[in-house]
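Here's the structure, in structure tokens; my notes come after.
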Amino acid sequence: MAQTAFISPPDCALHQPGDHHPESPARWMAIQEAMLQSGLMPCLQLEEAGHAMRHQIERAHSPSHVEDIFSASPARGLVYLD
């Protein structure tokens, strides 16, 4: 029987988009805690997410959108895209 995968990036806790954004390490931890409390975690196949390749990102986003994001990405530091 196939298992459902729970895919988590190893550096998720480093994702700090700011207070204005719904994604945060606290949200990720709350999801994991809820899954533990529900008893689902032992039923899942735990996987670490790797870095996505450009062609993989383009499965979900148009090539022009991906190019816009890559073009806006600074060599150092942060840029807010939202």
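Chains: A, B, ... in order of the structure tokens. Residues: from 1 per chain. Ligands: from 1, in order shown.
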### Task
Per DSSP on the backbone, filter region 1-77 of chain A down to the residues in helix (DSSP H, G or I) and report them as a PyMOL selection string.
chain A and resi 12-14+25-38+41-43+54-57+63-72
### Task
Might you pull out every residue within 12 Å of region 53-57 of chain A, with only C-alpha atoms counted and same-chain residues fewer than 4 positions away left off, and present them as a list of chain:residue names?
A:Ala49, A:His61, A:Ser62, A:Pro63, A:Ser64, A:His65, A:Val66, A:Glu67, A:Ile69, A:Phe70
#### Entry: Contacts of Pro42 (chain A) at 12 Å (only C-alpha atoms; same-chain gap of 5+ positions) as a list in words
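Listing them by chain and then by number gives Gln3, Thr4, Ala5, Phe6, Gln32, Met35, Leu36 and Gln37 of chain A.
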### Query
chain A: which residues are strand (DSSP E or B) by DSSP, as a VMD selection string?
chain A and resid 4 to 8 44 to 48
### Task
Could you jot down the CA of Pro25 (chain A) to CA of Glu48 (chain A) separation for me, Å, one decimal place?
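According to the coordinates, CA of Pro25 (chain A) and CA of Glu48 (chain A) are separated by 15.9 Å.
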### Query
What does the distance from CA of Gln45 (chain A) to CA of Ala13 (chain A) come to in Å, to one decimal?
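Distance between the two atoms: 20.3 Å.
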### Task
Tell me which protein, DNA and RNA residues are within 12 Å of His15 (chain A), counting only C-alpha atoms, leaving out same-chain ones fewer than 5 positions away, and put them as a list in words.
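Listing them by chain and then by number gives Pro9, Pro10, His21, Pro22, Glu23, Ser24, Pro25, Ala26, Arg27, Trp28 and Leu78 of chain A.
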Next, write the just-selected residues to a file, as an mmCIF file, in the first residue's frame, keeping C-alpha atoms as the atom set.
data_model
loop_
_atom_site.group_PDB
_atom_site.id
_atom_site.type_symbol
_atom_site.label_atom_id
_atom_site.label_comp_id
_atom_site.auth_asym_id
_atom_site.auth_seq_id
_atom_site.Cartn_x
_atom_site.Cartn_y
_atom_site.Cartn_z
ATOM 1 C CA PRO A 9 12.691 21.337 3.700
ATOM 2 C CA PRO A 10 15.507 20.959 6.249
ATOM 3 C CA HIS A 21 3.367 37.188 5.515
ATOM 4 C CA PRO A 22 1.346 34.114 6.636
ATOM 5 C CA GLU A 23 4.244 31.688 6.132
ATOM 6 C CA SER A 24 6.593 31.371 9.079
ATOM 7 C CA PRO A 25 8.563 28.813 11.083
ATOM 8 C CA ALA A 26 5.847 29.037 13.772
ATOM 9 C CA ARG A 27 3.175 28.015 11.247
ATOM 10 C CA TRP A 28 5.289 25.096 10.069
ATOM 11 C CA LEU A 78 16.816 40.041 0.752
#
### Given only C-alpha atoms as the counted atoms, nearest of A:Arg76, A:Ala34, A:Gly50, A:Gly39 to Cys12 (chain A)
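Result for the nearest residue to Cys12 (chain A): A:Gly50.
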### Message
Between CA of Ala75 (chain A) and CA of His51 (chain A), what is the distance in Å, rounded to a tenth?
### Response
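So the answer is 17.5 Å.
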